[in-house]
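Structure data (PDB, C-alpha atoms) from query_21.pdb:
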ATOM      1  CA  MET A   1      81.853 121.849  54.200
ATOM      2  CA  GLN A   2      81.302 125.446  55.298
ATOM      3  CA  GLN A   3      77.602 124.688  55.872
ATOM      4  CA  PHE A   4      78.498 122.385  58.768
ATOM      5  CA  ILE A   5      80.447 124.988  60.761
ATOM      6  CA  GLU A   6      77.362 126.597  62.321
ATOM      7  CA  PRO A   7      75.811 123.302  63.541
ATOM      8  CA  PHE A   8      79.208 122.354  64.975
ATOM      9  CA  LEU A   9      79.597 125.684  66.790
ATOM     10  CA  ASN A  10      76.047 125.388  68.160
ATOM     11  CA  TYR A  11      76.991 121.948  69.471
ATOM     12  CA  LEU A  12      80.034 123.435  71.227
ATOM     13  CA  LEU A  13      77.928 126.188  72.760
ATOM     14  CA  ILE A  14      74.932 124.136  73.886
ATOM     15  CA  GLU A  15      76.285 120.659  74.611
ATOM     16  CA  ARG A  16      79.924 121.364  75.456
ATOM     17  CA  ASN A  17      79.222 124.713  77.155
ATOM     18  CA  LEU A  18      82.362 126.288  75.705
ATOM     19  CA  SER A  19      82.912 130.018  76.055
ATOM     20  CA  GLN A  20      82.140 132.533  73.319
ATOM     21  CA  ASN A  21      85.872 133.314  73.046
ATOM     22  CA  THR A  22      86.705 129.656  72.344
ATOM     23  CA  ILE A  23      83.882 129.409  69.802
ATOM     24  CA  LEU A  24      85.109 132.528  67.990
ATOM     25  CA  ALA A  25      88.620 131.056  67.861
ATOM     26  CA  TYR A  26      87.290 127.735  66.499
ATOM     27  CA  ARG A  27      85.253 129.553  63.851
ATOM     28  CA  HIS A  28      88.354 131.439  62.693
ATOM     29  CA  ASP A  29      90.525 128.302  62.661
ATOM     30  CA  LEU A  30      87.963 126.207  60.789
ATOM     31  CA  ASN A  31      87.366 128.850  58.130
ATOM     32  CA  ILE A  32      91.098 128.874  57.354
ATOM     33  CA  TYR A  33      91.248 125.068  57.359
ATOM     34  CA  LEU A  34      88.212 124.573  55.117
ATOM     35  CA  ASP A  35      89.400 127.212  52.630
ATOM     36  CA  TYR A  36      92.640 125.233  52.299
ATOM     37  CA  ILE A  37      90.893 121.849  51.976
ATOM     38  CA  GLU A  38      88.304 123.045  49.460
ATOM     39  CA  LYS A  39      90.986 124.527  47.220
ATOM     40  CA  LYS A  40      92.839 121.222  47.345
ATOM     41  CA  ARG A  41      90.030 118.642  47.395
ATOM     42  CA  GLY A  42      86.778 120.411  46.629
ATOM     43  CA  SER A  43      83.803 120.355  48.989
ATOM     44  CA  VAL A  44      83.226 116.587  49.275
ATOM     45  CA  LEU A  45      83.664 115.730  52.942
ATOM     46  CA  ASP A  46      84.832 112.127  52.577
ATOM     47  CA  LYS A  47      87.668 113.097  50.252
ATOM     48  CA  THR A  48      89.622 114.721  53.091
ATOM     49  CA  SER A  49      92.523 112.493  54.085
ATOM     50  CA  HIS A  50      95.004 112.168  56.924
ATOM     51  CA  LYS A  51      97.694 113.500  54.547
ATOM     52  CA  ASP A  52      95.604 116.577  53.656
ATOM     53  CA  ILE A  53      95.425 117.584  57.321
ATOM     54  CA  THR A  54      99.127 116.887  57.860
ATOM     55  CA  ASP A  55      99.934 119.028  54.807
ATOM     56  CA  PHE A  56      97.715 121.789  56.180
ATOM     57  CA  MET A  57      99.513 121.747  59.545
ATOM     58  CA  LEU A  58     102.916 121.874  57.813
ATOM     59  CA  PHE A  59     101.647 124.765  55.687
ATOM     60  CA  GLN A  60     100.633 126.609  58.865
ATOM     61  CA  LYS A  61     104.064 126.006  60.377
ATOM     62  CA  ASP A  62     105.811 127.264  57.227
ATOM     63  CA  SER A  63     103.572 130.355  57.343
ATOM     64  CA  GLY A  64     105.103 131.272  60.707
ATOM     65  CA  LEU A  65     102.211 130.257  62.960
ATOM     66  CA  SER A  66     103.299 129.637  66.549
ATOM     67  CA  GLN A  67     103.297 126.121  67.990
ATOM     68  CA  THR A  68     100.558 127.086  70.442
ATOM     69  CA  SER A  69      98.311 128.383  67.639
ATOM     70  CA  ILE A  70      98.966 125.279  65.534
ATOM     71  CA  ALA A  71      97.982 123.054  68.475
ATOM     72  CA  ARG A  72      94.762 125.027  68.994
ATOM     73  CA  ARG A  73      93.962 124.877  65.274
ATOM     74  CA  LEU A  74      94.475 121.111  65.245
ATOM     75  CA  ALA A  75      92.221 120.746  68.307
ATOM     76  CA  ALA A  76      89.460 122.599  66.418
ATOM     77  CA  ILE A  77      89.916 120.400  63.331
ATOM     78  CA  LYS A  78      89.870 117.146  65.335
ATOM     79  CA  SER A  79      86.782 118.197  67.248
ATOM     80  CA  PHE A  80      85.054 119.193  63.987
ATOM     81  CA  HIS A  81      85.743 115.860  62.276
ATOM     82  CA  ARG A  82      84.630 113.875  65.334
ATOM     83  CA  PHE A  83      81.381 115.871  65.253
ATOM     84  CA  LEU A  84      80.871 115.115  61.552
ATOM     85  CA  LEU A  85      81.410 111.394  62.153
ATOM     86  CA  ARG A  86      79.086 111.355  65.147
ATOM     87  CA  GLU A  87      76.351 113.075  63.120
ATOM     88  CA  ARG A  88      76.953 110.571  60.274
ATOM     89  CA  LEU A  89      77.853 113.324  57.857
ATOM     90  CA  THR A  90      81.077 111.461  57.044
ATOM     91  CA  THR A  91      82.079 107.804  57.250
ATOM     92  CA  GLU A  92      85.650 108.313  58.545
ATOM     93  CA  ASP A  93      87.587 110.612  60.837
ATOM     94  CA  PRO A  94      90.852 111.531  59.047
ATOM     95  CA  THR A  95      92.244 112.983  62.303
ATOM     96  CA  SER A  96      91.902 109.774  64.339
ATOM     97  CA  LEU A  97      95.601 108.881  64.055
ATOM     98  CA  LEU A  98      96.898 112.432  64.437
ATOM     99  CA  ASP A  99      98.682 113.351  67.651
ATOM    100  CA  SER A 100      98.536 116.903  68.955
ATOM    101  CA  PRO A 101     101.991 118.520  68.995
ATOM    102  CA  ARG A 102     103.655 118.399  72.388
ATOM    103  CA  LEU A 103     104.057 121.914  73.679
ATOM    104  CA  TRP A 104     106.841 123.186  75.866
ATOM    105  CA  LYS A 105     105.332 124.728  78.941
ATOM    106  CA  ARG A 106     106.408 128.344  78.813
ATOM    107  CA  ILE A 107     107.410 129.813  82.134
ATOM    108  CA  PRO A 108     105.568 133.146  82.240
ATOM    109  CA  ASN A 109     107.411 136.357  82.912
ATOM    110  CA  VAL A 110     106.036 138.009  86.022
ATOM    111  CA  LEU A 111     106.274 141.410  87.632
ATOM    112  CA  THR A 112     107.872 142.087  90.982
ATOM    113  CA  TYR A 113     105.691 143.417  93.763
ATOM    114  CA  GLU A 114     107.378 146.819  93.407
ATOM    115  CA  GLU A 115     106.492 146.881  89.707
ATOM    116  CA  ILE A 116     102.895 145.917  90.538
ATOM    117  CA  LYS A 117     102.688 148.771  93.056
ATOM    118  CA  ASP A 118     103.983 151.205  90.427
ATOM    119  CA  ILE A 119     101.291 150.102  87.961
ATOM    120  CA  LEU A 120      98.493 150.254  90.534
ATOM    121  CA  SER A 121      99.481 153.774  91.548
ATOM    122  CA  LYS A 122      99.301 155.210  88.023
ATOM    123  CA  PRO A 123      95.515 155.652  87.542
ATOM    124  CA  SER A 124      94.575 159.082  88.908
ATOM    125  CA  LEU A 125      91.926 159.188  91.623
ATOM    126  CA  HIS A 126      91.080 162.784  90.646
ATOM    127  CA  ASN A 127      88.932 161.737  87.675
ATOM    128  CA  LYS A 128      86.257 159.130  87.010
ATOM    129  CA  GLN A 129      88.263 157.126  84.488
ATOM    130  CA  GLY A 130      91.212 156.842  86.845
ATOM    131  CA  ILE A 131      88.943 155.673  89.684
ATOM    132  CA  ARG A 132      87.492 153.001  87.392
ATOM    133  CA  ASP A 133      90.871 151.904  86.073
ATOM    134  CA  ARG A 134      92.346 151.683  89.587
ATOM    135  CA  ALA A 135      89.452 149.429  90.625
ATOM    136  CA  ILE A 136      89.958 147.207  87.569
ATOM    137  CA  LEU A 137      93.684 146.752  88.203
ATOM    138  CA  GLU A 138      93.257 146.222  91.947
ATOM    139  CA  VAL A 139      90.577 143.564  91.405
ATOM    140  CA  MET A 140      92.603 141.711  88.769
ATOM    141  CA  TYR A 141      95.725 141.627  90.924
ATOM    142  CA  ALA A 142      93.811 140.804  94.130
ATOM    143  CA  THR A 143      91.993 137.839  92.585
ATOM    144  CA  GLY A 144      94.038 136.641  89.601
ATOM    145  CA  ILE A 145      90.933 136.481  87.419
ATOM    146  CA  ARG A 146      91.307 136.495  83.638
ATOM    147  CA  VAL A 147      90.644 139.529  81.439
ATOM    148  CA  SER A 148      87.580 137.786  79.978
ATOM    149  CA  GLU A 149      86.282 137.025  83.490
ATOM    150  CA  THR A 150      86.787 140.637  84.542
ATOM    151  CA  SER A 151      84.774 141.831  81.561
ATOM    152  CA  THR A 152      81.806 139.610  82.438
ATOM    153  CA  LEU A 153      81.594 140.562  86.140
ATOM    154  CA  ASN A 154      78.240 141.931  87.295
ATOM    155  CA  LEU A 155      77.364 143.997  90.343
ATOM    156  CA  GLU A 156      75.599 141.036  91.952
ATOM    157  CA  ASP A 157      78.834 139.025  91.700
ATOM    158  CA  MET A 158      80.374 141.270  94.362
ATOM    159  CA  ASN A 159      80.001 140.669  98.084
ATOM    160  CA  LEU A 160      82.028 143.523  99.493
ATOM    161  CA  GLU A 161      80.820 143.068 103.064
ATOM    162  CA  VAL A 162      82.138 139.521 103.305
ATOM    163  CA  GLY A 163      84.975 140.229 100.854
ATOM    164  CA  PHE A 164      84.730 137.956  97.836
ATOM    165  CA  LEU A 165      83.598 137.895  94.219
ATOM    166  CA  ARG A 166      81.990 135.197  92.096
ATOM    167  CA  CYS A 167      83.162 134.707  88.531
ATOM    168  CA  LYS A 168      82.540 132.335  85.657
ATOM    169  CA  GLY A 169      85.631 130.720  84.216
ATOM    170  CA  LYS A 170      86.267 128.431  81.267
ATOM    171  CA  GLY A 171      83.431 126.065  80.496
ATOM    172  CA  GLY A 172      81.044 128.201  82.532
ATOM    173  CA  LYS A 173      82.495 126.932  85.838
ATOM    174  CA  GLU A 174      81.775 129.267  88.746
ATOM    175  CA  ARG A 175      84.230 129.930  91.532
ATOM    176  CA  ILE A 176      84.464 132.170  94.561
ATOM    177  CA  VAL A 177      87.635 134.239  94.987
ATOM    178  CA  PRO A 178      88.534 136.352  98.039
ATOM    179  CA  LEU A 179      89.033 140.110  97.709
ATOM    180  CA  GLY A 180      91.610 141.986  99.755
ATOM    181  CA  ARG A 181      90.720 145.136 101.699
ATOM    182  CA  ILE A 182      92.516 147.422  99.199
ATOM    183  CA  ALA A 183      90.563 145.961  96.272
ATOM    184  CA  ILE A 184      87.329 146.289  98.287
ATOM    185  CA  SER A 185      88.121 149.943  99.012
ATOM    186  CA  SER A 186      88.830 150.615  95.323
ATOM    187  CA  LEU A 187      85.586 148.908  94.299
ATOM    188  CA  ASN A 188      83.528 150.879  96.797
ATOM    189  CA  ARG A 189      85.067 154.113  95.538
ATOM    190  CA  TYR A 190      84.349 153.173  91.911
ATOM    191  CA  ILE A 191      80.771 151.953  92.518
ATOM    192  CA  ASN A 192      79.815 155.042  94.519
ATOM    193  CA  LYS A 193      81.722 157.794  92.705
ATOM    194  CA  ALA A 194      82.450 156.714  89.125
ATOM    195  CA  ARG A 195      80.126 153.962  87.945
ATOM    196  CA  PRO A 196      76.989 156.193  87.960
ATOM    197  CA  PHE A 197      78.883 158.639  85.716
ATOM    198  CA  PHE A 198      79.683 155.912  83.169
ATOM    199  CA  MET A 199      76.164 154.497  83.326
ATOM    200  CA  LYS A 200      74.674 157.708  81.891
ATOM    201  CA  ARG A 201      71.029 156.807  81.218
ATOM    202  CA  ASN A 202      71.706 153.165  80.423
ATOM    203  CA  THR A 203      70.694 150.245  82.587
ATOM    204  CA  THR A 204      73.146 147.367  82.865
ATOM    205  CA  SER A 205      74.204 144.978  85.585
ATOM    206  CA  ALA A 206      77.809 145.016  84.320
ATOM    207  CA  LEU A 207      80.327 145.968  86.989
ATOM    208  CA  PHE A 208      82.866 147.765  84.820
ATOM    209  CA  ILE A 209      81.408 150.230  82.312
ATOM    210  CA  SER A 210      82.963 151.849  79.254
ATOM    211  CA  ARG A 211      82.704 155.526  78.327
ATOM    212  CA  LEU A 212      79.798 154.572  76.055
ATOM    213  CA  GLY A 213      77.818 153.268  79.023
ATOM    214  CA  ARG A 214      78.174 149.610  78.055
ATOM    215  CA  ARG A 215      79.975 146.615  79.542
ATOM    216  CA  ILE A 216      83.695 147.119  79.089
ATOM    217  CA  SER A 217      85.213 144.747  76.535
ATOM    218  CA  ARG A 218      88.197 142.417  76.846
ATOM    219  CA  GLN A 219      90.022 144.522  74.277
ATOM    220  CA  SER A 220      89.487 147.702  76.316
ATOM    221  CA  LEU A 221      90.714 145.993  79.484
ATOM    222  CA  TRP A 222      93.834 144.848  77.655
ATOM    223  CA  LYS A 223      94.486 148.423  76.493
ATOM    224  CA  ILE A 224      94.092 149.675  80.079
ATOM    225  CA  ILE A 225      96.688 147.179  81.332
ATOM    226  CA  LYS A 226      99.134 148.068  78.546
ATOM    227  CA  ARG A 227      98.673 151.780  79.186
ATOM    228  CA  TYR A 228      99.571 151.653  82.868
ATOM    229  CA  VAL A 229     102.428 149.191  82.403
ATOM    230  CA  LYS A 230     103.891 151.698  79.945
ATOM    231  CA  GLU A 231     103.228 154.659  82.263
ATOM    232  CA  ALA A 232     105.030 152.823  85.060
ATOM    233  CA  GLY A 233     108.102 152.672  82.824
ATOM    234  CA  ILE A 234     108.238 148.872  82.878
ATOM    235  CA  LYS A 235     110.177 147.475  79.940
ATOM    236  CA  LYS A 236     108.946 143.901  80.272
ATOM    237  CA  LYS A 237     106.519 142.765  77.585
ATOM    238  CA  ALA A 238     102.953 143.356  78.724
ATOM    239  CA  TRP A 239     100.318 140.707  77.992
ATOM    240  CA  PRO A 240      96.715 140.166  79.157
ATOM    241  CA  HIS A 241      97.616 137.665  81.916
ATOM    242  CA  ILE A 242     100.409 139.773  83.394
ATOM    243  CA  LEU A 243      98.460 140.511  86.604
ATOM    244  CA  ARG A 244      97.161 136.937  86.830
ATOM    245  CA  HIS A 245     100.638 135.402  86.591
ATOM    246  CA  SER A 246     102.006 137.907  89.097
ATOM    247  CA  PHE A 247      99.133 137.185  91.508
ATOM    248  CA  ALA A 248      99.865 133.439  91.493
ATOM    249  CA  THR A 249     103.630 133.846  91.751
ATOM    250  CA  HIS A 250     103.458 136.307  94.633
ATOM    251  CA  LEU A 251     101.075 134.023  96.556
ATOM    252  CA  LEU A 252     103.470 131.113  96.090
ATOM    253  CA  GLU A 253     106.451 133.215  97.168
ATOM    254  CA  HIS A 254     104.674 134.141 100.392
ATOM    255  CA  GLY A 255     103.827 130.556 101.317
ATOM    256  CA  ALA A 256     100.410 129.814  99.780
ATOM    257  CA  ASP A 257      99.848 126.153  98.943
ATOM    258  CA  LEU A 258      99.444 125.066  95.341
ATOM    259  CA  ARG A 259      95.934 123.618  95.801
ATOM    260  CA  SER A 260      94.578 126.921  97.075
ATOM    261  CA  ILE A 261      96.182 128.807  94.186
ATOM    262  CA  GLN A 262      94.695 126.261  91.758
ATOM    263  CA  GLU A 263      91.227 126.869  93.180
ATOM    264  CA  MET A 264      91.534 130.651  93.017
ATOM    265  CA  LEU A 265      92.845 130.568  89.442
ATOM    266  CA  GLY A 266      90.108 128.153  88.342
ATOM    267  CA  HIS A 267      92.512 125.583  86.868
ATOM    268  CA  SER A 268      90.867 122.202  86.289
ATOM    269  CA  SER A 269      94.218 120.443  86.706
ATOM    270  CA  ILE A 270      96.920 121.195  89.257
ATOM    271  CA  ALA A 271      99.483 120.439  86.523
ATOM    272  CA  THR A 272      98.580 123.820  84.991
ATOM    273  CA  THR A 273      99.176 125.573  88.307
ATOM    274  CA  GLN A 274     102.528 123.845  88.829
ATOM    275  CA  ILE A 275     104.140 126.073  86.219
ATOM    276  CA  TYR A 276     104.380 128.722  88.954
ATOM    277  CA  THR A 277     106.677 126.477  90.991
ATOM    278  CA  HIS A 278     109.142 126.747  88.102
ATOM    279  CA  VAL A 279     108.843 130.529  88.220
ATOM    280  CA  ASP A 280     109.644 130.434  91.928
ATOM    281  CA  ARG A 281     112.652 128.159  91.364
ATOM    282  CA  ASN A 282     113.985 130.566  88.756
ATOM    283  CA  ARG A 283     113.676 133.392  91.280
ATOM    284  CA  LEU A 284     115.595 131.376  93.859
ATOM    285  CA  LYS A 285     118.351 130.700  91.331
ATOM    286  CA  MET A 286     118.555 134.413  90.548
ATOM    287  CA  ILE A 287     118.846 135.268  94.253
ATOM    288  CA  HIS A 288     121.521 132.596  94.688
ATOM    289  CA  ARG A 289     123.569 133.970  91.780
ATOM    290  CA  LYS A 290     123.212 137.507  93.069
ATOM    291  CA  PHE A 291     124.118 136.945  96.712
ATOM    292  CA  HIS A 292     126.223 133.784  96.976
ATOM    293  CA  PRO A 293     129.966 134.531  97.189
ATOM    294  CA  ARG A 294     130.734 131.697  94.745
ATOM    295  CA  PRO A 295     127.757 131.661  92.346
TER     296      PRO A 295
END

Translate the structure described by the file into structure tokens.
Amino acid sequence: MQQFIEPFLNYLLIERNLSQNTILAYRHDLNIYLDYIEKKRGSVLDKTSHKDITDFMLFQKDSGLSQTSIARRLAAIKSFHRFLLRERLTTEDPTSLLDSPRLWKRIPNVLTYEEIKDILSKPSLHNKQGIRDRAILEVMYATGIRVSETSTLNLEDMNLEVGFLRCKGKGGKERIVPLGRIAISSLNRYINKARPFFMKRNTTSALFISRLGRRISRQSLWKIIKRYVKEAGIKKKAWPHILRHSFATHLLEHGADLRSIQEMLGHSSIATTQIYTHVDRNRLKMIHRKFHPRP
């Protein structure tokens, strides 16, 4: 069955227009799944049964895999088997009666505005790396864009005179997001004073450049966020979307409507954005407990 992974991934890339990150995750998930199935059933496609897939999912759960990862792995398996049936490589889809596990919507932890200010102040403006890192953090907090979207930004995606950027989200969907004046100032400083230093003799349209003169990676951006969260002395767990979640929550707290936040975040469904209303309710409860004389 391994021979059919590449055609399937090409289908996801070309016809479904899924991102490279999603395709990499599907490749990883399917390799694990097919290793399990081939050890149990051999490599004959039509021998795979509904029970085999159920057993695999239970095995993943017993191995300590999180519910979110199990759901993603099942989504990859279902999509793969539907592809095989559509291409007439199999005669049945053993996943047709399988339901995806219902996931609890996790309310994300967010940073206060004071904590955000502490993080943004940590990169030093006395060296090129600090100027770059300040611009990265300011842009991510000002726009709420994802780490992967930040990595793929190009110079031509910036319109600093009007004050917005253009980014490609999940599924290759483009959106326009406003930039605040502080983020614009940080970007101008970086583009004029630091970016040429990182470019060295290379030529690239990438906005944010690594020390090697190449487009900065998602992994490097994640390390930058973790570094400055730690330097700010914040004990909360840092994760890649920490600035994105804080951006959305702070907008909601200051009166922004949910539809506008949905558009800026690039959510296809407003149900995804509504999780931030729960964050805001939790904050109100905390304030009530803290200040009400009879909490």

Any chance you could work out the residue set of the PyMOL selection byres ((chain A and resi 141) around 12) here, as a PyMOL selection string?
-> chain A and resi 110-111+113+116-117+119-120+134-140+142-147+150+177-180+182-183+225+240-251+264-265

Decode the PyMOL selection byres ((chain A and resi 208) around 12) for the given file into explicit residues and return them as a count of residues only.
-> 44

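Distance-wise, atom CA of Leu24 of chain A and atom CA of Ile176 of chain A end up 26.6 Å apart.
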
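Atom pair atom CA of His267 of chain A / atom CA of Val229 of chain A: separated by 26.0 Å.
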
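Each of A:Asp29, A:Lys236, A:Asp55, A:Ser96 was compared to Leu74 of chain A using all atoms listed in the file, and A:Asp29 turns out to be the nearest.
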